[in-house]
file final-v1.txt (compact mmCIF, C-alpha atoms (C1' of nucleotides))
# COMPACT_ATOMS: atom_id res chain seq x y z
CA MET A 1 26.47 66.78 -85.15
CA ALA A 2 27.74 69.06 -82.44
CA SER A 3 29.35 72.42 -82.82
CA LEU A 4 31.49 72.75 -79.74
CA SER A 5 30.53 76.31 -78.93
CA ASN A 6 26.93 75.30 -78.66
CA GLU A 7 26.90 71.82 -77.15
CA THR A 8 29.49 72.35 -74.46
CA ARG A 9 28.39 75.74 -73.30
CA PRO A 10 27.67 75.46 -69.60
CA LEU A 11 24.09 75.52 -68.38
CA ASP A 12 22.60 78.91 -67.73
CA GLU A 13 21.11 79.62 -64.36
CA THR A 14 17.57 78.55 -65.14
CA GLU A 15 18.72 75.32 -66.74
CA LEU A 16 20.87 74.55 -63.76
CA ARG A 17 18.14 75.35 -61.28
CA ALA A 18 15.72 73.12 -63.18
CA TRP A 19 18.11 70.19 -63.41
CA ARG A 20 19.41 70.30 -59.87
CA GLY A 21 15.94 71.09 -58.63
CA LEU A 22 14.58 67.99 -60.26
CA LEU A 23 17.25 65.86 -58.63
CA ARG A 24 16.69 67.42 -55.24
CA ALA A 25 12.92 67.34 -55.45
CA HIS A 26 12.87 63.70 -56.49
CA ALA A 27 15.29 62.64 -53.81
CA LEU A 28 13.43 64.47 -51.09
CA LEU A 29 10.02 63.28 -52.19
CA VAL A 30 10.96 59.63 -52.41
CA LYS A 31 12.75 59.77 -49.11
CA ARG A 32 9.83 61.40 -47.32
CA LEU A 33 7.13 59.23 -48.83
CA ASP A 34 9.12 56.09 -48.15
CA ALA A 35 9.81 57.12 -44.57
CA ASP A 36 6.14 57.92 -44.00
CA LEU A 37 4.95 54.58 -45.35
CA GLU A 38 7.65 52.68 -43.55
CA SER A 39 7.00 54.23 -40.16
CA ALA A 40 3.20 54.16 -40.39
CA HIS A 41 2.75 50.74 -42.00
CA GLY A 42 6.13 49.05 -42.25
CA LEU A 43 5.75 49.09 -46.00
CA PRO A 44 8.51 50.43 -48.26
CA LEU A 45 7.47 52.70 -51.11
CA THR A 46 8.47 50.20 -53.79
CA SER A 47 6.33 47.51 -52.17
CA TYR A 48 3.42 49.92 -52.00
CA GLU A 49 3.72 50.64 -55.68
CA VAL A 50 3.62 46.97 -56.55
CA LEU A 51 0.45 46.47 -54.52
CA LEU A 52 -1.05 49.57 -56.10
CA HIS A 53 -0.45 48.42 -59.66
CA LEU A 54 -1.74 44.94 -58.91
CA ASP A 55 -4.90 46.37 -57.38
CA LYS A 56 -5.59 48.41 -60.49
CA ALA A 57 -5.01 45.47 -62.80
CA GLU A 58 -7.72 43.19 -64.07
CA GLY A 59 -8.22 40.34 -61.63
CA CYS A 60 -5.66 42.00 -59.34
CA LYS A 61 -2.90 40.07 -61.06
CA MET A 62 -0.16 40.98 -63.48
CA ARG A 63 2.69 39.24 -65.25
CA MET A 64 5.98 39.66 -63.46
CA CYS A 65 7.61 41.53 -66.33
CA ASP A 66 4.70 43.95 -66.57
CA VAL A 67 4.96 44.73 -62.90
CA ALA A 68 8.68 45.26 -63.26
CA GLU A 69 8.12 47.78 -66.01
CA SER A 70 5.39 49.55 -64.06
CA VAL A 71 7.48 50.09 -60.99
CA LEU A 72 10.69 50.85 -62.90
CA LEU A 73 12.64 47.85 -61.65
CA SER A 74 14.70 45.20 -63.37
CA ARG A 75 13.21 41.73 -63.63
CA SER A 76 15.62 40.37 -61.07
CA GLY A 77 14.91 43.24 -58.74
CA LEU A 78 11.21 42.52 -59.00
CA THR A 79 11.74 38.80 -58.37
CA ARG A 80 13.32 39.62 -55.02
CA LEU A 81 10.71 42.24 -54.20
CA VAL A 82 7.88 39.80 -54.89
CA ASP A 83 9.75 37.24 -52.78
CA ARG A 84 9.51 39.64 -49.86
CA LEU A 85 5.86 40.49 -50.53
CA GLU A 86 4.98 36.82 -50.79
CA ARG A 87 6.82 36.07 -47.56
CA ASP A 88 4.73 38.78 -45.89
CA GLY A 89 1.56 37.36 -47.41
CA TYR A 90 0.62 40.40 -49.50
CA VAL A 91 0.91 38.74 -52.91
CA GLU A 92 1.05 35.21 -54.23
CA ARG A 93 2.52 33.75 -57.36
CA VAL A 94 0.13 32.10 -59.77
CA SER A 95 1.35 30.09 -62.69
CA CYS A 96 0.17 31.24 -66.07
CA ALA A 97 -2.15 28.91 -67.94
CA ASP A 98 -1.32 29.91 -71.49
CA ASP A 99 2.41 30.45 -71.01
CA ALA A 100 4.19 27.95 -68.81
CA ARG A 101 7.23 30.22 -68.56
CA GLY A 102 5.28 33.06 -67.09
CA ALA A 103 3.96 33.75 -63.65
CA TYR A 104 1.43 36.16 -62.30
CA ALA A 105 1.79 38.11 -59.11
CA ARG A 106 -1.65 38.32 -57.55
CA LEU A 107 -2.78 40.53 -54.72
CA THR A 108 -4.02 38.60 -51.69
CA ASP A 109 -6.77 39.77 -49.34
CA ALA A 110 -4.12 40.71 -46.81
CA GLY A 111 -2.33 42.67 -49.51
CA ARG A 112 -5.49 44.53 -50.41
CA SER A 113 -6.10 45.38 -46.77
CA LYS A 114 -2.55 46.62 -46.41
CA LEU A 115 -2.90 48.72 -49.52
CA ARG A 116 -6.16 50.27 -48.32
CA ALA A 117 -4.63 51.07 -44.96
CA ALA A 118 -1.52 52.62 -46.49
CA SER A 119 -3.17 54.52 -49.30
CA SER A 120 -4.36 57.47 -47.25
CA THR A 121 -0.88 57.92 -45.81
CA HIS A 122 0.58 57.88 -49.27
CA LEU A 123 -2.01 60.18 -50.79
CA GLU A 124 -1.68 62.69 -47.99
CA GLY A 125 2.08 62.60 -48.41
CA ILE A 126 1.89 63.23 -52.13
CA ARG A 127 -0.52 66.09 -51.66
CA GLU A 128 1.43 67.67 -48.86
CA HIS A 129 4.94 67.27 -50.18
CA PHE A 130 4.33 67.45 -53.91
CA LEU A 131 0.97 68.60 -55.23
CA SER A 132 0.55 71.45 -52.77
CA HIS A 133 3.49 73.24 -54.37
CA PHE A 134 1.86 73.41 -57.79
CA GLU A 135 -1.00 75.31 -59.26
CA PRO A 136 -3.28 73.30 -61.58
CA ALA A 137 -1.82 74.85 -64.73
CA GLU A 138 1.74 74.18 -63.56
CA LEU A 139 0.83 70.60 -62.82
CA ALA A 140 -0.50 70.06 -66.31
CA THR A 141 2.64 71.63 -67.77
CA LEU A 142 4.80 69.38 -65.64
CA ALA A 143 2.84 66.30 -66.60
CA ASP A 144 3.13 67.07 -70.30
CA ALA A 145 6.81 67.81 -70.06
CA CYS A 146 7.60 64.66 -68.11
CA GLU A 147 5.79 62.58 -70.68
CA ARG A 148 7.85 64.15 -73.42
CA VAL A 149 11.00 63.32 -71.46
CA ALA A 150 10.05 59.77 -70.58
CA GLY A 151 8.03 58.84 -73.61
CA PRO A 152 4.56 57.33 -73.50
CA SER A 153 3.71 55.43 -70.36
CA GLY A 154 4.33 52.15 -72.14
CA PRO A 155 1.04 50.20 -72.19
CA GLN A 156 2.26 46.82 -70.99
CA SER A 157 4.40 45.30 -73.71
CA CYS A 158 4.75 41.86 -72.24
CA SER A 159 1.33 40.34 -72.31
CA ALA A 160 -0.77 43.27 -73.41
CA GLN A 161 -4.33 42.18 -72.79
CA THR A 162 -5.47 43.31 -76.22
CA MET B 1 -6.84 68.88 -40.23
CA ALA B 2 -8.02 66.39 -42.76
CA SER B 3 -11.53 65.74 -43.88
CA LEU B 4 -11.50 62.23 -45.19
CA SER B 5 -13.40 62.99 -48.35
CA ASN B 6 -10.73 65.45 -49.34
CA GLU B 7 -7.43 63.94 -48.25
CA THR B 8 -8.02 60.38 -49.33
CA ARG B 9 -9.68 61.11 -52.62
CA PRO B 10 -7.65 59.40 -55.30
CA LEU B 11 -5.47 61.48 -57.57
CA ASP B 12 -7.14 62.92 -60.62
CA GLU B 13 -5.66 62.21 -64.01
CA THR B 14 -3.41 65.24 -64.21
CA GLU B 15 -2.08 64.69 -60.71
CA LEU B 16 -1.36 61.08 -61.50
CA ARG B 17 0.34 61.91 -64.78
CA ALA B 18 2.51 64.49 -63.06
CA TRP B 19 3.54 62.23 -60.22
CA ARG B 20 4.21 59.11 -62.25
CA GLY B 21 5.76 61.22 -64.97
CA LEU B 22 8.19 62.68 -62.50
CA LEU B 23 9.21 59.23 -61.33
CA ARG B 24 9.60 57.94 -64.86
CA ALA B 25 11.41 61.00 -66.14
CA HIS B 26 13.87 60.97 -63.27
CA ALA B 27 14.57 57.27 -63.57
CA LEU B 28 15.10 57.46 -67.29
CA LEU B 29 17.26 60.57 -67.15
CA VAL B 30 19.57 59.28 -64.45
CA LYS B 31 19.88 55.93 -66.15
CA ARG B 32 20.73 57.45 -69.51
CA LEU B 33 23.14 60.05 -68.21
CA ASP B 34 24.89 57.50 -66.05
CA ALA B 35 25.17 55.03 -68.89
CA ASP B 36 26.54 57.70 -71.22
CA LEU B 37 29.20 58.81 -68.75
CA GLU B 38 30.09 55.27 -67.82
CA SER B 39 30.53 54.06 -71.37
CA ALA B 40 32.34 57.15 -72.65
CA HIS B 41 34.59 57.82 -69.67
CA GLY B 42 34.18 55.01 -67.18
CA LEU B 43 32.86 57.55 -64.71
CA PRO B 44 29.60 56.99 -62.84
CA LEU B 45 27.20 59.91 -62.57
CA THR B 46 27.62 60.27 -58.82
CA SER B 47 31.39 60.47 -59.21
CA TYR B 48 30.99 63.08 -61.90
CA GLU B 49 28.84 65.18 -59.63
CA VAL B 50 31.41 65.10 -56.87
CA LEU B 51 34.13 66.28 -59.25
CA LEU B 52 31.82 68.98 -60.57
CA HIS B 53 31.04 70.39 -57.17
CA LEU B 54 34.67 70.31 -56.12
CA ASP B 55 35.69 72.15 -59.27
CA LYS B 56 33.21 74.93 -58.59
CA ALA B 57 34.31 75.29 -54.98
CA GLU B 58 36.91 77.75 -53.79
CA GLY B 59 40.34 76.13 -54.00
CA CYS B 60 38.72 73.08 -55.59
CA LYS B 61 38.21 71.60 -52.16
CA MET B 62 35.23 71.06 -49.92
CA ARG B 63 34.51 69.60 -46.53
CA MET B 64 33.29 66.02 -46.74
CA CYS B 65 29.92 66.80 -45.19
CA ASP B 66 29.35 69.68 -47.60
CA VAL B 67 30.05 67.41 -50.55
CA ALA B 68 27.68 64.82 -49.15
CA GLU B 69 24.91 67.36 -48.95
CA SER B 70 25.61 68.69 -52.43
CA VAL B 71 25.37 65.30 -54.08
CA LEU B 72 22.48 64.08 -51.92
CA LEU B 73 24.36 61.26 -50.27
CA SER B 74 24.77 60.17 -46.67
CA ARG B 75 28.12 60.85 -45.02
CA SER B 76 29.00 57.18 -45.06
CA GLY B 77 28.03 56.91 -48.68
CA LEU B 78 30.27 59.81 -49.53
CA THR B 79 33.17 58.36 -47.56
CA ARG B 80 33.06 55.27 -49.76
CA LEU B 81 32.62 57.29 -52.94
CA VAL B 82 35.62 59.46 -52.12
CA ASP B 83 37.54 56.26 -51.35
CA ARG B 84 36.92 55.17 -54.92
CA LEU B 85 37.75 58.57 -56.38
CA GLU B 86 40.95 58.73 -54.36
CA ARG B 87 41.92 55.24 -55.47
CA ASP B 88 41.47 56.38 -59.07
CA GLY B 89 43.50 59.49 -58.41
CA TYR B 90 40.77 62.02 -59.09
CA VAL B 91 40.60 63.52 -55.62
CA GLU B 92 42.78 63.54 -52.54
CA ARG B 93 41.98 63.96 -48.89
CA VAL B 94 43.51 66.97 -47.18
CA SER B 95 43.36 67.38 -43.46
CA CYS B 96 41.76 70.52 -42.21
CA ALA B 97 44.02 73.02 -40.48
CA ASP B 98 41.50 74.67 -38.19
CA ASP B 99 39.46 71.57 -37.36
CA ALA B 100 41.44 68.41 -36.82
CA ARG B 101 38.30 66.27 -37.09
CA GLY B 102 37.47 67.50 -40.54
CA ALA B 103 38.83 66.58 -43.93
CA TYR B 104 38.71 68.21 -47.28
CA ALA B 105 38.24 66.40 -50.53
CA ARG B 106 40.34 68.22 -53.09
CA LEU B 107 40.27 67.81 -56.85
CA THR B 108 43.56 66.64 -58.32
CA ASP B 109 44.90 67.59 -61.74
CA ALA B 110 43.86 64.19 -63.02
CA GLY B 111 40.42 64.76 -61.60
CA ARG B 112 40.14 68.12 -63.32
CA SER B 113 41.19 66.58 -66.61
CA LYS B 114 38.66 63.82 -66.20
CA LEU B 115 35.96 66.34 -65.41
CA ARG B 116 36.81 68.46 -68.44
CA ALA B 117 36.74 65.41 -70.67
CA ALA B 118 33.44 64.18 -69.32
CA SER B 119 31.65 67.50 -69.12
CA SER B 120 30.74 67.74 -72.80
CA THR B 121 29.26 64.25 -72.70
CA HIS B 122 27.22 65.16 -69.67
CA LEU B 123 26.09 68.52 -71.00
CA GLU B 124 25.06 67.06 -74.31
CA GLY B 125 23.14 64.36 -72.50
CA ILE B 126 21.29 66.85 -70.34
CA ARG B 127 20.41 68.99 -73.32
CA GLU B 128 19.32 66.09 -75.46
CA HIS B 129 17.40 64.05 -72.93
CA PHE B 130 16.10 66.78 -70.66
CA LEU B 131 16.31 70.41 -71.72
CA SER B 132 15.26 69.81 -75.31
CA HIS B 133 11.81 68.80 -74.10
CA PHE B 134 11.13 72.15 -72.45
CA GLU B 135 10.49 75.63 -73.67
CA PRO B 136 12.23 78.40 -71.74
CA ALA B 137 9.09 79.42 -69.88
CA GLU B 138 8.35 75.83 -68.91
CA LEU B 139 11.87 75.42 -67.65
CA ALA B 140 11.57 78.44 -65.40
CA THR B 141 8.25 77.14 -64.10
CA LEU B 142 9.79 73.77 -63.39
CA ALA B 143 12.78 75.31 -61.64
CA ASP B 144 10.57 77.42 -59.40
CA ALA B 145 8.29 74.53 -58.57
CA CYS B 146 11.14 72.17 -57.75
CA GLU B 147 12.63 74.72 -55.42
CA ARG B 148 9.32 75.03 -53.63
CA VAL B 149 9.20 71.26 -53.27
CA ALA B 150 12.78 70.80 -52.14
CA GLY B 151 13.30 74.00 -50.25
CA PRO B 152 16.21 76.35 -50.79
CA SER B 153 19.36 74.80 -52.15
CA GLY B 154 20.88 74.77 -48.70
CA PRO B 155 24.00 76.98 -48.72
CA GLN B 156 26.53 74.67 -47.09
CA SER B 157 25.68 74.35 -43.42
CA CYS B 158 28.81 72.57 -42.29
CA SER B 159 31.63 75.00 -42.69
CA ALA B 160 29.98 77.84 -44.56
CA GLN B 161 32.91 79.93 -45.71
CA THR B 162 31.30 83.13 -44.49
C1' DC C 1 42.64 72.04 -15.87
C1' DG C 2 39.27 68.06 -16.43
C1' DC C 3 34.91 66.56 -17.83
C1' DC C 4 30.84 66.31 -20.97
C1' DT C 5 28.21 67.05 -24.75
C1' DG C 6 28.13 67.84 -29.78
C1' DT C 7 30.10 67.22 -34.44
C1' DG C 8 32.99 65.20 -38.50
C1' DA C 9 34.45 61.20 -40.57
C1' DT C 10 34.98 56.30 -40.81
C1' DT C 11 33.71 51.33 -40.36
C1' DG C 12 30.67 46.88 -39.68
C1' DC C 13 26.74 45.18 -41.15
C1' DA C 14 22.44 44.62 -43.62
C1' DT C 15 19.86 45.56 -47.64
C1' DG C 16 18.15 46.64 -52.19
C1' DT C 17 19.51 46.56 -56.82
C1' DG C 18 21.41 45.42 -61.60
C1' DC C 19 23.98 42.44 -64.81
C1' DA C 20 25.07 38.19 -66.67
C1' DA C 21 24.23 33.37 -66.82
C1' DC C 22 20.92 29.87 -66.65
C1' DA C 23 16.80 26.74 -67.28
C1' DA C 24 12.29 26.28 -69.10
C1' DT C 25 9.27 27.40 -72.48
C1' DG C 26 7.39 29.68 -76.65
C1' DT C 27 7.78 30.66 -81.70
C1' DA C 28 9.23 30.58 -86.42
C1' DG C 29 11.50 28.18 -90.55
C1' DG C 30 13.34 24.38 -92.89
C1' DC D 1 8.85 17.16 -86.70
C1' DC D 2 13.04 19.28 -85.38
C1' DT D 3 16.14 22.91 -84.93
C1' DA D 4 17.42 27.74 -83.94
C1' DC D 5 16.35 31.84 -81.73
C1' DA D 6 13.56 34.83 -78.49
C1' DT D 7 11.38 35.46 -74.07
C1' DT D 8 10.22 34.71 -68.98
C1' DG D 9 11.57 34.23 -64.57
C1' DT D 10 15.18 32.99 -61.24
C1' DT D 11 19.82 32.85 -59.23
C1' DG D 12 25.03 34.02 -58.30
C1' DC D 13 27.59 37.71 -57.73
C1' DA D 14 29.14 42.38 -57.23
C1' DC D 15 28.25 46.80 -55.71
C1' DA D 16 26.47 51.18 -53.99
C1' DT D 17 24.15 52.83 -50.18
C1' DG D 18 22.13 53.81 -45.38
C1' DC D 19 22.01 53.10 -40.32
C1' DA D 20 24.13 52.59 -36.08
C1' DA D 21 28.24 52.33 -33.51
C1' DT D 22 32.74 54.19 -32.96
C1' DC D 23 36.74 57.24 -32.71
C1' DA D 24 38.87 61.70 -32.66
C1' DC D 25 38.36 66.18 -31.79
C1' DA D 26 35.90 70.90 -30.68
C1' DG D 27 33.70 73.84 -27.49
C1' DG D 28 31.63 74.97 -23.16
C1' DC D 29 31.15 74.65 -18.02
C1' DG D 30 32.38 73.57 -13.48
call {"tool": "encode", "arguments": {"input": "final-v1.txt", "output": "structure tokens"}}
result
Amino acid sequence: MASLSNETRPLDETELRAWRGLLRAHALLVKRLDADLESAHGLPLTSYEVLLHLDKAEGCKMRMCDVAESVLLSRSGLTRLVDRLERDGYVERVSCADDARGAYARLTDAGRSKLRAASSTHLEGIREHFLSHFEPAELATLADACERVAGPSGPQSCSAQT
Amino acid sequence: MASLSNETRPLDETELRAWRGLLRAHALLVKRLDADLESAHGLPLTSYEVLLHLDKAEGCKMRMCDVAESVLLSRSGLTRLVDRLERDGYVERVSCADDARGAYARLTDAGRSKLRAASSTHLEGIREHFLSHFEPAELATLADACERVAGPSGPQSCSAQT
DNA sequence: CGCCTGTGATTGCATGTGCAACAATGTAGG
DNA sequence: CCTACATTGTTGCACATGCAATCACAGGCG
């Protein structure tokens, strides 16, 4: 399905700037936001995102596999991450009544406090390092384009609460 | 410099879609491109990028620290990556004449062949998974915005060849 | 010249992550 | 009911990566 002259033509300048720019922007953003959270609250960015998703969920608890999908981690990666969060007292595991295989991760009071404390740091970081560089129309364009790239934001497939 | 009501206001829907979309798009793109390269040529994405930058450089060789910056890796990370590439015969280390501390990584013939073979896979992947979702104007907007976020594409600071 | 500070590259160690294998449980079909 | 397959979460292992310490050298200053 590929005519060589078309498919293997090198990227033009705009294409290259967009692709490399995306890589650089992502790397820089994640690094800065993670460093900010870590230094101000001792909380890595991935941990913050878990707490954030749990807080938004009904009953502040989610199935492990749903959390994994939300934070873009493998199931095993999330198991270890929740291990650390549980050790620090920010979440607790709750067995699932209607599915004995499953487990919920539930936000504890300490976890909610930590999240509240860290949220302003994170929001300021996102605004300063990311949002401030976009005009509203650009932001909407970017959002649409990213959704086309990544597909719909997958409404929890695991135990979709109807 | 921060009125609380402004800085800690949660993200509106567009802001959230843009931010999470960026994370999701990046994760998906890197995962797909890496998997494609790995399965078709046994070459991880990071390795490919090193070969690519070396090929574009004058004499197909670059200082280690310049390569590290180009591929967004720490110096130690790059040392190990070049170890692997040298073991596979794709690059070789060349000592630097005018700075005995420094070392060049230079692309070998095998490395160039590997790069040529893998490039069409990579280009097709970028076009299919990334570029195809953008119109030209959107792409230019994205490129500009990413450069504002990440700053200028740092013209090699280490041994800038004048 | 001899020293001292700065830089390039490497190495030891710790860590976060994914894959594959596993056990426990759910679900469908005979 | 019982069997076969799918799914959930965890674990063993390998691996890529970053930080800090280290070594070798460059460049400046006394």
call {"tool": "closest_atom_pairs", "arguments": {"input": "final-v1.txt", "of": "chain D", "to": "chain B", "cutoff": "10 Å", "atoms": "only C-alpha atoms (C1' of nucleotides)", "output": "Markdown table"}}
result
| residue | atom | partner | partner_atom | distance |
| --- | --- | --- | --- | --- |
| D:DA16 | C1' | B:Gly77 | CA | 8.0 |
| D:DT17 | C1' | B:Gly77 | CA | 5.8 |
| D:DG18 | C1' | B:Ser74 | CA | 7.0 |
| D:DC19 | C1' | B:Ser76 | CA | 9.4 |
| D:DA24 | C1' | B:Arg101 | CA | 6.4 |
| D:DC25 | C1' | B:Arg101 | CA | 5.3 |
| D:DA26 | C1' | B:Asp99 | CA | 7.6 |
call {"tool": "atom_distance", "arguments": {"input": "final-v1.txt", "atom1": "atom CA of A:Arg87", "atom2": "atom CA of A:Ala110"}}
result
11.9 Å
call {"tool": "interface_residues", "arguments": {"input": "final-v1.txt", "of": "chain A", "to": "chain B", "cutoff": "7 Å", "atoms": "only C-alpha atoms", "output": "PyMOL selection string"}}
result
chain A and resi 7-8+14-15+17-18+21-22+24-25+28+120+123-124+129-130+133-134+139-140+142-143+145-150
call {"tool": "write_last_selection", "arguments": {"input": "final-v1.txt", "atoms": "C-alpha atoms", "output": "mmCIF file, in the frame of the given file"}}
result
data_model
loop_
_atom_site.group_PDB
_atom_site.id
_atom_site.type_symbol
_atom_site.label_atom_id
_atom_site.label_comp_id
_atom_site.auth_asym_id
_atom_site.auth_seq_id
_atom_site.Cartn_x
_atom_site.Cartn_y
_atom_site.Cartn_z
ATOM 1 C CA GLU A 7 26.900 71.820 -77.150
ATOM 2 C CA THR A 8 29.490 72.350 -74.460
ATOM 3 C CA THR A 14 17.570 78.550 -65.140
ATOM 4 C CA GLU A 15 18.720 75.320 -66.740
ATOM 5 C CA ARG A 17 18.140 75.350 -61.280
ATOM 6 C CA ALA A 18 15.720 73.120 -63.180
ATOM 7 C CA GLY A 21 15.940 71.090 -58.630
ATOM 8 C CA LEU A 22 14.580 67.990 -60.260
ATOM 9 C CA ARG A 24 16.690 67.420 -55.240
ATOM 10 C CA ALA A 25 12.920 67.340 -55.450
ATOM 11 C CA LEU A 28 13.430 64.470 -51.090
ATOM 12 C CA SER A 120 -4.360 57.470 -47.250
ATOM 13 C CA LEU A 123 -2.010 60.180 -50.790
ATOM 14 C CA GLU A 124 -1.680 62.690 -47.990
ATOM 15 C CA HIS A 129 4.940 67.270 -50.180
ATOM 16 C CA PHE A 130 4.330 67.450 -53.910
ATOM 17 C CA HIS A 133 3.490 73.240 -54.370
ATOM 18 C CA PHE A 134 1.860 73.410 -57.790
ATOM 19 C CA LEU A 139 0.830 70.600 -62.820
ATOM 20 C CA ALA A 140 -0.500 70.060 -66.310
ATOM 21 C CA LEU A 142 4.800 69.380 -65.640
ATOM 22 C CA ALA A 143 2.840 66.300 -66.600
ATOM 23 C CA ALA A 145 6.810 67.810 -70.060
ATOM 24 C CA CYS A 146 7.600 64.660 -68.110
ATOM 25 C CA GLU A 147 5.790 62.580 -70.680
ATOM 26 C CA ARG A 148 7.850 64.150 -73.420
ATOM 27 C CA VAL A 149 11.000 63.320 -71.460
ATOM 28 C CA ALA A 150 10.050 59.770 -70.580
#
call {"tool": "closest_residue", "arguments": {"input": "final-v1.txt", "among": "A:Glu38, A:Asp109, A:Asp98, A:Asp88", "to": "chain C", "atoms": "all atoms listed in the file"}}
result
A:Asp98
call {"tool": "atom_distance", "arguments": {"input": "final-v1.txt", "atom1": "atom CA of B:Ser113", "atom2": "atom C1' of C:DT10"}}
result
28.5 Å
